$ cat entry01.txt   # compact mmCIF, C-alpha atoms
# COMPACT_ATOMS: atom_id res chain seq x y z
CA MET A 1 8.33 -14.99 11.93
CA LEU A 2 5.29 -14.75 14.22
CA THR A 3 7.52 -13.53 17.03
CA ILE A 4 8.85 -10.70 14.88
CA LEU A 5 5.34 -9.91 13.63
CA LYS A 6 3.94 -9.63 17.17
CA LYS A 7 6.93 -7.61 18.36
CA GLU A 8 6.70 -5.19 15.44
CA PHE A 9 2.94 -4.79 15.66
CA ARG A 10 3.08 -4.13 19.41
CA SER A 11 5.84 -1.63 18.71
CA PHE A 12 3.61 0.15 16.19
CA LEU A 13 0.74 0.36 18.65
CA SER A 14 3.05 1.89 21.26
CA LEU A 15 4.03 4.69 18.87
CA LEU A 16 1.99 7.76 18.04
CA ILE A 17 2.67 7.36 14.30
CA ALA A 18 0.35 4.34 14.00
CA TYR A 19 -2.62 6.29 15.30
CA VAL A 20 -1.67 9.41 13.34
CA VAL A 21 -1.56 7.39 10.10
CA MET A 22 -4.97 5.83 10.74
CA ILE A 23 -6.59 9.13 11.73
CA VAL A 24 -5.05 11.05 8.82
CA PHE A 25 -6.20 8.44 6.29
CA LEU A 26 -9.75 8.33 7.63
CA LEU A 27 -9.91 12.12 7.98
CA ILE A 28 -8.73 12.81 4.42
CA THR A 29 -10.92 10.13 2.84
CA GLY A 30 -13.89 11.20 4.97
CA LEU A 31 -13.57 14.85 3.94
CA ILE A 32 -13.11 14.03 0.26
CA CYS A 33 -15.87 11.42 0.11
CA TRP A 34 -18.49 13.20 2.20
CA VAL A 35 -17.68 16.86 2.87
CA PHE A 36 -15.94 18.58 -0.06
CA PRO A 37 -18.74 19.54 -2.50
CA ASP A 38 -16.76 18.79 -5.68
CA THR A 39 -16.05 15.20 -4.66
CA SER A 40 -18.76 14.32 -2.15
CA ILE A 41 -20.61 11.07 -2.82
CA LEU A 42 -23.79 12.88 -1.76
CA ASN A 43 -23.49 15.23 -4.74
CA THR A 44 -22.61 12.71 -7.46
CA GLY A 45 -26.07 11.21 -7.75
CA TYR A 46 -24.60 7.71 -7.99
CA ALA A 47 -24.46 5.01 -5.31
CA ASN A 48 -20.81 4.04 -5.67
CA MET A 49 -17.48 4.43 -3.86
CA ASP A 50 -15.30 5.23 -6.86
CA ILE A 51 -13.92 8.40 -5.30
CA LEU A 52 -12.50 6.44 -2.34
CA PHE A 53 -10.73 3.91 -4.54
CA ASN A 54 -9.43 6.64 -6.85
CA ILE A 55 -7.80 8.70 -4.09
CA ALA A 56 -6.65 5.89 -1.76
CA PRO A 57 -3.58 4.90 -3.88
CA TRP A 58 -2.28 8.49 -3.72
CA ILE A 59 -2.85 8.85 0.01
CA PHE A 60 -1.23 5.46 0.62
CA ILE A 61 1.97 6.59 -1.12
CA PHE A 62 2.53 8.95 1.80
CA LEU A 63 1.03 6.91 4.64
CA VAL A 64 2.60 3.53 3.83
CA SER A 65 5.99 5.19 3.40
CA ALA A 66 5.57 6.75 6.84
CA ILE A 67 4.74 3.35 8.37
CA THR A 68 7.58 1.38 6.75
CA MET A 69 10.41 3.94 6.94
CA ARG A 70 11.47 2.78 10.40
CA SER A 71 11.45 -0.97 9.70
CA PHE A 72 15.21 -1.49 9.20
CA ALA A 73 16.51 2.09 9.26
CA GLU A 74 15.70 2.43 12.95
CA GLU A 75 17.31 -0.93 13.76
CA ARG A 76 20.63 0.26 12.31
CA LYS A 77 20.38 3.74 13.79
CA ASN A 78 19.76 2.35 17.28
CA GLY A 79 22.46 -0.32 16.90
CA THR A 80 20.00 -3.20 17.34
CA PHE A 81 20.46 -4.55 13.80
CA GLU A 82 23.40 -6.77 14.79
CA THR A 83 21.47 -8.13 17.78
CA LEU A 84 18.54 -8.95 15.54
CA THR A 85 20.68 -10.91 13.09
CA THR A 86 22.25 -13.04 15.84
CA LYS A 87 18.91 -14.46 16.96
CA PRO A 88 18.03 -18.04 15.90
CA ILE A 89 15.69 -16.94 13.10
CA THR A 90 16.24 -16.75 9.36
CA ASP A 91 16.55 -13.54 7.36
CA PHE A 92 13.25 -14.26 5.66
CA ASP A 93 11.54 -14.67 9.04
CA ILE A 94 12.74 -11.21 10.06
CA ILE A 95 11.76 -9.61 6.76
CA LEU A 96 8.37 -11.30 6.50
CA GLY A 97 7.60 -10.57 10.16
CA LYS A 98 8.24 -6.85 9.64
CA TYR A 99 6.42 -6.90 6.29
CA LEU A 100 3.29 -8.55 7.68
CA ALA A 101 3.23 -6.25 10.72
CA CYS A 102 3.22 -3.19 8.45
CA LEU A 103 0.61 -4.74 6.16
CA LEU A 104 -1.60 -5.62 9.13
CA LEU A 105 -1.52 -2.01 10.32
CA VAL A 106 -2.46 -0.76 6.84
CA THR A 107 -5.29 -3.32 6.65
CA LEU A 108 -6.66 -2.12 10.01
CA THR A 109 -6.60 1.40 8.57
CA ILE A 110 -8.72 0.31 5.60
CA ILE A 111 -11.35 -1.64 7.60
CA PRO A 112 -13.21 1.41 9.04
CA THR A 113 -13.99 2.57 5.48
CA LEU A 114 -16.51 -0.29 5.31
CA ILE A 115 -18.78 2.19 7.08
CA TYR A 116 -18.77 4.17 3.82
CA TYR A 117 -20.10 1.11 2.01
CA LEU A 118 -22.93 0.68 4.52
CA ALA A 119 -23.77 4.39 4.31
CA VAL A 120 -23.84 4.42 0.49
CA SER A 121 -25.94 1.24 0.47
CA LYS A 122 -28.48 2.84 2.84
CA LEU A 123 -28.56 6.09 0.87
CA GLY A 124 -29.15 4.33 -2.44
CA SER A 125 -32.55 4.49 -4.09
CA PRO A 126 -33.80 1.87 -3.52
CA GLN A 127 -31.76 0.86 -0.47
CA GLY A 128 -28.97 -1.54 -1.33
CA ASN A 129 -28.66 -0.15 -4.86
CA ILE A 130 -24.89 -0.47 -5.04
CA ASP A 131 -22.65 -2.74 -7.13
CA SER A 132 -21.29 -4.90 -4.29
CA GLY A 133 -19.18 -6.98 -6.69
CA ALA A 134 -17.31 -3.90 -7.88
CA VAL A 135 -16.81 -2.73 -4.29
CA ILE A 136 -15.42 -6.13 -3.24
CA GLY A 137 -13.10 -6.12 -6.26
CA SER A 138 -11.96 -2.60 -5.40
CA TYR A 139 -11.16 -3.60 -1.81
CA ILE A 140 -9.21 -6.62 -3.05
CA GLY A 141 -7.29 -4.33 -5.40
CA LEU A 142 -6.64 -1.86 -2.59
CA LEU A 143 -5.23 -4.61 -0.37
CA PHE A 144 -2.95 -5.82 -3.17
CA LEU A 145 -1.88 -2.23 -3.80
CA ALA A 146 -1.09 -1.76 -0.11
CA ALA A 147 0.86 -5.05 -0.12
CA ILE A 148 3.09 -3.81 -2.96
CA TYR A 149 3.57 -0.40 -1.33
CA VAL A 150 4.59 -2.09 1.95
CA ALA A 151 7.08 -4.32 0.10
CA ILE A 152 8.56 -1.22 -1.58
CA GLY A 153 8.67 0.60 1.76
CA ILE A 154 10.43 -2.29 3.51
CA PHE A 155 13.01 -2.39 0.71
CA SER A 156 13.56 1.38 0.92
CA SER A 157 14.15 1.11 4.67
CA SER A 158 16.70 -1.67 4.13
CA ILE A 159 19.01 0.48 1.99
CA THR A 160 19.67 3.25 4.54
CA ASP A 161 19.87 4.00 8.25
CA ASN A 162 18.13 7.37 7.77
CA GLN A 163 14.35 7.21 8.13
CA ILE A 164 13.79 10.41 6.15
CA ILE A 165 15.77 9.06 3.18
CA ALA A 166 13.85 5.77 3.43
CA PHE A 167 10.58 7.74 3.45
CA ILE A 168 11.54 9.78 0.35
CA VAL A 169 12.85 6.76 -1.59
CA SER A 170 9.70 4.80 -0.75
CA MET A 171 7.43 7.64 -1.89
CA PHE A 172 9.35 8.00 -5.16
CA LEU A 173 9.30 4.27 -5.94
CA CYS A 174 5.61 3.91 -5.03
CA PHE A 175 4.74 6.90 -7.21
CA PHE A 176 6.84 5.65 -10.12
CA PHE A 177 5.52 2.10 -10.07
CA TYR A 178 1.94 3.31 -9.66
CA SER A 179 1.79 5.96 -12.40
CA GLY A 180 5.27 6.29 -13.94
CA PHE A 181 4.75 3.67 -16.63
CA GLU A 182 1.40 5.23 -17.51
CA MET A 183 3.19 8.55 -18.05
CA LEU A 184 5.93 6.93 -20.11
CA ARG A 185 3.27 5.56 -22.44
CA HIS A 186 2.68 9.08 -23.77
CA ILE A 187 6.28 9.50 -24.98
CA THR A 188 6.21 9.42 -28.78
CA PHE A 189 8.62 6.55 -29.53
CA ILE A 190 7.14 4.44 -26.72
CA GLN A 191 3.60 5.28 -27.82
CA ASP A 192 4.33 3.79 -31.25
CA SER A 193 5.64 0.57 -29.73
CA PRO A 194 3.35 -2.49 -29.93
CA PHE A 195 4.30 -3.35 -26.34
CA GLY A 196 1.96 -1.74 -23.80
CA ILE A 197 4.44 -0.34 -21.28
CA ASP A 198 1.64 0.77 -18.95
CA TRP A 199 1.08 -2.96 -18.28
CA LEU A 200 4.21 -2.81 -16.09
CA GLY A 201 2.62 -0.24 -13.78
CA ILE A 202 0.55 -0.93 -10.68
CA SER A 203 -2.22 1.42 -11.82
CA TYR A 204 -3.10 -0.72 -14.85
CA HIS A 205 -3.71 -3.85 -12.76
CA TYR A 206 -5.27 -1.98 -9.83
CA LYS A 207 -7.89 -0.44 -12.13
CA ASN A 208 -8.63 -3.82 -13.71
CA ILE A 209 -9.43 -5.37 -10.34
CA SER A 210 -11.34 -2.25 -9.23
CA PHE A 211 -13.79 -2.84 -12.08
CA GLY A 212 -14.61 -6.17 -10.48
CA ARG A 213 -12.59 -8.23 -12.96
CA ILE A 214 -10.48 -10.69 -10.95
CA ASP A 215 -7.99 -11.74 -13.64
CA THR A 216 -5.23 -14.24 -12.80
CA ARG A 217 -2.78 -12.09 -14.78
CA ASP A 218 -3.37 -9.20 -12.40
CA ILE A 219 -3.00 -11.47 -9.37
CA VAL A 220 0.26 -12.89 -10.78
CA TYR A 221 1.53 -9.33 -11.35
CA PHE A 222 0.83 -8.28 -7.76
CA ILE A 223 2.39 -11.41 -6.27
CA SER A 224 5.44 -11.06 -8.55
CA MET A 225 6.00 -7.42 -7.58
CA ILE A 226 5.67 -8.20 -3.87
CA SER A 227 8.07 -11.14 -4.21
CA LEU A 228 10.55 -9.02 -6.18
CA PHE A 229 10.83 -6.32 -3.52
CA ILE A 230 10.97 -8.82 -0.67
CA PHE A 231 13.79 -10.60 -2.52
CA LEU A 232 15.61 -7.28 -3.03
CA THR A 233 15.16 -6.55 0.67
CA LYS A 234 16.66 -9.95 1.45
CA MET A 235 19.69 -9.11 -0.71
CA MET A 236 20.18 -5.75 1.02
CA PHE A 237 19.61 -7.31 4.43
CA SER A 238 22.20 -10.01 3.81
CA SER A 239 24.77 -7.55 2.45
CA ARG A 240 24.42 -5.35 5.54
CA LYS A 241 25.33 -8.25 7.79
CA TRP A 242 28.88 -8.35 6.47
$ encode --input "entry01.txt" --output "structure tokens"
Amino acid sequence: MLTILKKEFRSFLSLLIAYVVMIVFLLITGLICWVFPDTSILNTGYANMDILFNIAPWIFIFLVSAITMRSFAEERKNGTFETLTTKPITDFDIILGKYLACLLLVTLTIIPTLIYYLAVSKLGSPQGNIDSGAVIGSYIGLLFLAAIYVAIGIFSSSITDNQIIAFIVSMFLCFFFYSGFEMLRHITFIQDSPFGIDWLGISYHYKNISFGRIDTRDIVYFISMISLFIFLTKMMFSSRKW
């Protein structure tokens, strides 16, 4: 697994897309958080980073899909998929290696936003007047969110040899699992149901953690969703070998 992880991560760093993704994410979040007057932290009057954690899930739908779309689709397009499967490593080693490489790249993209935390802390009156617990919870939630998005993206790439199709499928699935269930909640016959369907969506659990509430039910949800899509990727990966 570590061999695949290192190979994939080095491959990312040799491609322009890795740097484009990081720059685009930091540019968009920087403009929204600090420059645009309607959303700028400087104009809210509050020492918090809510705007970053509210917009990041939507930006990640596009960026994570762009990172993961090549994972397996490119292997099949270039004819290296068969070579990969003949190596003395298990299917799970291959899948987890690619998954962790993508997640590592996304994590490196998030790390520079810690500068925003330091800036807000310094700008607070008095200095340091920021709810650090809520910020830590929000970062944990963002990492879990990214982990699910990457799992969905890896799965999407495993079902096709076309990177564009993998990109579109990944974006659709990420969007649906993030906000689709929340939208379904407003349908009349579902609204009257005693079962809270929005609980099935990522947004519900992401917001819980973002408030600084680290609930084991939310953690179990994230781990279950990640495991589900990795398992589905394993099924698709195995079926493609025959």
$ residues_near_point --input "entry01.txt" --point "(-28.5, 7.3, 1.3)" --cutoff "12 Å" --atoms "only C-alpha atoms" --output "VMD selection string"
chain A and resid 34 41 to 48 116 to 130
$ closest_residue --input "entry01.txt" --among "A:Tyr178, A:Phe25, A:Phe144, A:Phe172" --to "Ser224 (chain A)" --atoms "all atoms listed in the file"
A:Phe144
$ atom_distance --input "entry01.txt" --atom1 "CA of Asp93 (chain A)" --atom2 "CA of Ser227 (chain A)"
14.1 Å
$ closest_atom_pairs --input "entry01.txt" --of "region 194-231 of chain A" --to "region 96-114 of chain A" --cutoff "12 Å" --atoms "all atoms listed in the file" --output "CSV"
residue,atom,partner,partner_atom,distance
A:Ile226,CA,A:Tyr99,CA,10.3
A:Ser227,CA,A:Leu96,CA,10.7
A:Phe229,CA,A:Tyr99,CA,10.8
A:Ile230,CA,A:Leu96,CA,8.0
A:Phe231,CA,A:Leu96,CA,10.5
$ write_last_selection --input "entry01.txt" --atoms "C-alpha atoms" --output "tab-separated table (two decimals), in the coordinates of the input"
chain	number	residue	atom	x	y	z
A	226	ILE	CA	5.67	-8.20	-3.87
A	227	SER	CA	8.07	-11.14	-4.21
A	229	PHE	CA	10.83	-6.32	-3.52
A	230	ILE	CA	10.97	-8.82	-0.67
A	231	PHE	CA	13.79	-10.60	-2.52
$ residues_near_point --input "entry01.txt" --point "(-10.5, -1.4, 0.8)" --cutoff "9 Å" --atoms "all atoms listed in the file" --output "list in words"
Leu52, Phe53, Ala56, Thr107, Ile110, Ile111, Thr113, Leu114, Val135, Ile136, Gly137, Ser138, Tyr139, Ile140, Gly141, Leu142 and Leu143 of chain A
$ atom_distance --input "entry01.txt" --atom1 "CA of Ala73 (chain A)" --atom2 "CA of Phe237 (chain A)"
11.0 Å
$ atom_distance --input "entry01.txt" --atom1 "CA of Met69 (chain A)" --atom2 "CA of Cys33 (chain A)"
28.2 Å
$ decode --input "entry01.txt" --residues "region 83-130 of chain A" --atoms "N, CA and C atoms" --output "short mmCIF file (atom, residue, chain, number, x, y, z; two decimals), in the first residue's frame"
data_model
loop_
_atom_site.label_atom_id
_atom_site.label_comp_id
_atom_site.auth_asym_id
_atom_site.auth_seq_id
_atom_site.Cartn_x
_atom_site.Cartn_y
_atom_site.Cartn_z
N THR A 83 -1.37 -4.40 -15.90
CA THR A 83 -0.04 -4.49 -15.29
C THR A 83 -0.12 -4.28 -13.78
N LEU A 84 -0.94 -3.34 -13.39
CA LEU A 84 -1.11 -3.04 -11.97
C LEU A 84 -1.66 -4.23 -11.20
N THR A 85 -2.62 -4.91 -11.80
CA THR A 85 -3.28 -6.03 -11.11
C THR A 85 -2.41 -7.29 -11.04
N THR A 86 -1.35 -7.35 -11.85
CA THR A 86 -0.48 -8.53 -11.83
C THR A 86 0.64 -8.40 -10.80
N LYS A 87 0.77 -7.25 -10.19
CA LYS A 87 1.82 -7.06 -9.19
C LYS A 87 1.44 -7.78 -7.89
N PRO A 88 2.44 -8.17 -7.10
CA PRO A 88 2.19 -8.94 -5.87
C PRO A 88 1.63 -8.08 -4.73
N ILE A 89 0.52 -7.41 -4.98
CA ILE A 89 -0.15 -6.61 -3.96
C ILE A 89 -1.65 -6.87 -4.07
N THR A 90 -2.34 -6.73 -2.97
CA THR A 90 -3.77 -7.02 -2.96
C THR A 90 -4.56 -5.86 -3.57
N ASP A 91 -5.81 -6.15 -3.91
CA ASP A 91 -6.69 -5.11 -4.46
C ASP A 91 -6.86 -3.97 -3.46
N PHE A 92 -7.02 -4.32 -2.19
CA PHE A 92 -7.20 -3.29 -1.17
C PHE A 92 -5.95 -2.42 -1.02
N ASP A 93 -4.78 -3.01 -1.20
CA ASP A 93 -3.55 -2.22 -1.14
C ASP A 93 -3.53 -1.17 -2.24
N ILE A 94 -3.95 -1.57 -3.43
CA ILE A 94 -3.99 -0.65 -4.57
C ILE A 94 -5.00 0.46 -4.31
N ILE A 95 -6.20 0.07 -3.90
CA ILE A 95 -7.28 1.04 -3.68
C ILE A 95 -6.94 2.00 -2.54
N LEU A 96 -6.48 1.45 -1.41
CA LEU A 96 -6.15 2.31 -0.27
C LEU A 96 -4.95 3.20 -0.56
N GLY A 97 -3.99 2.70 -1.33
CA GLY A 97 -2.83 3.51 -1.71
C GLY A 97 -3.25 4.73 -2.52
N LYS A 98 -4.11 4.50 -3.50
CA LYS A 98 -4.62 5.60 -4.33
C LYS A 98 -5.50 6.54 -3.50
N TYR A 99 -6.33 5.95 -2.64
CA TYR A 99 -7.23 6.74 -1.80
C TYR A 99 -6.43 7.67 -0.88
N LEU A 100 -5.44 7.12 -0.19
CA LEU A 100 -4.66 7.91 0.76
C LEU A 100 -3.80 8.97 0.05
N ALA A 101 -3.35 8.67 -1.15
CA ALA A 101 -2.57 9.67 -1.91
C ALA A 101 -3.44 10.87 -2.24
N CYS A 102 -4.67 10.61 -2.68
CA CYS A 102 -5.61 11.70 -3.00
C CYS A 102 -5.96 12.48 -1.73
N LEU A 103 -6.21 11.76 -0.64
CA LEU A 103 -6.58 12.42 0.62
C LEU A 103 -5.42 13.26 1.16
N LEU A 104 -4.20 12.78 0.99
CA LEU A 104 -3.03 13.53 1.44
C LEU A 104 -2.91 14.84 0.68
N LEU A 105 -3.17 14.80 -0.62
CA LEU A 105 -3.09 16.01 -1.43
C LEU A 105 -4.15 17.02 -0.99
N VAL A 106 -5.37 16.53 -0.72
CA VAL A 106 -6.44 17.42 -0.26
C VAL A 106 -6.09 18.01 1.10
N THR A 107 -5.50 17.19 1.98
CA THR A 107 -5.11 17.68 3.31
C THR A 107 -4.06 18.77 3.20
N LEU A 108 -3.09 18.60 2.30
CA LEU A 108 -2.06 19.63 2.09
C LEU A 108 -2.68 20.92 1.55
N THR A 109 -3.79 20.78 0.84
CA THR A 109 -4.49 21.96 0.33
C THR A 109 -5.18 22.73 1.45
N ILE A 110 -5.64 22.00 2.46
CA ILE A 110 -6.36 22.62 3.59
C ILE A 110 -5.39 23.32 4.55
N ILE A 111 -4.20 22.76 4.74
CA ILE A 111 -3.26 23.24 5.76
C ILE A 111 -2.97 24.74 5.67
N PRO A 112 -2.73 25.31 4.46
CA PRO A 112 -2.43 26.76 4.41
C PRO A 112 -3.54 27.65 4.96
N THR A 113 -4.78 27.14 5.05
CA THR A 113 -5.87 27.97 5.57
C THR A 113 -5.72 28.22 7.07
N LEU A 114 -4.77 27.52 7.72
CA LEU A 114 -4.50 27.80 9.13
C LEU A 114 -4.01 29.24 9.32
N ILE A 115 -3.49 29.82 8.23
CA ILE A 115 -3.08 31.23 8.28
C ILE A 115 -4.30 32.11 8.57
N TYR A 116 -5.46 31.71 8.03
CA TYR A 116 -6.70 32.46 8.28
C TYR A 116 -7.01 32.47 9.78
N TYR A 117 -6.81 31.32 10.41
CA TYR A 117 -7.07 31.23 11.86
C TYR A 117 -6.17 32.18 12.64
N LEU A 118 -4.88 32.19 12.29
CA LEU A 118 -3.94 33.07 12.97
C LEU A 118 -4.30 34.53 12.75
N ALA A 119 -4.72 34.86 11.52
CA ALA A 119 -5.08 36.23 11.19
C ALA A 119 -6.31 36.68 11.98
N VAL A 120 -7.34 35.82 12.00
CA VAL A 120 -8.57 36.15 12.73
C VAL A 120 -8.28 36.29 14.22
N SER A 121 -7.44 35.41 14.75
CA SER A 121 -7.08 35.46 16.16
C SER A 121 -6.38 36.78 16.49
N LYS A 122 -5.50 37.24 15.62
CA LYS A 122 -4.77 38.50 15.83
C LYS A 122 -5.69 39.70 15.70
N LEU A 123 -6.67 39.60 14.79
CA LEU A 123 -7.57 40.73 14.54
C LEU A 123 -8.67 40.84 15.58
N GLY A 124 -8.86 39.79 16.37
CA GLY A 124 -9.91 39.80 17.38
C GLY A 124 -9.67 40.86 18.44
N SER A 125 -10.74 41.29 19.07
CA SER A 125 -10.63 42.29 20.13
C SER A 125 -11.28 41.74 21.40
N PRO A 126 -10.44 41.36 22.41
CA PRO A 126 -8.98 41.40 22.42
C PRO A 126 -8.37 40.31 21.55
N GLN A 127 -7.06 40.37 21.35
CA GLN A 127 -6.38 39.36 20.55
C GLN A 127 -6.62 37.96 21.13
N GLY A 128 -6.86 37.02 20.22
CA GLY A 128 -7.11 35.65 20.65
C GLY A 128 -8.57 35.39 20.93
N ASN A 129 -9.42 36.39 20.68
CA ASN A 129 -10.86 36.24 20.94
C ASN A 129 -11.54 35.47 19.82
N ILE A 130 -11.28 34.17 19.79
CA ILE A 130 -11.86 33.30 18.78
C ILE A 130 -12.15 31.94 19.44
#
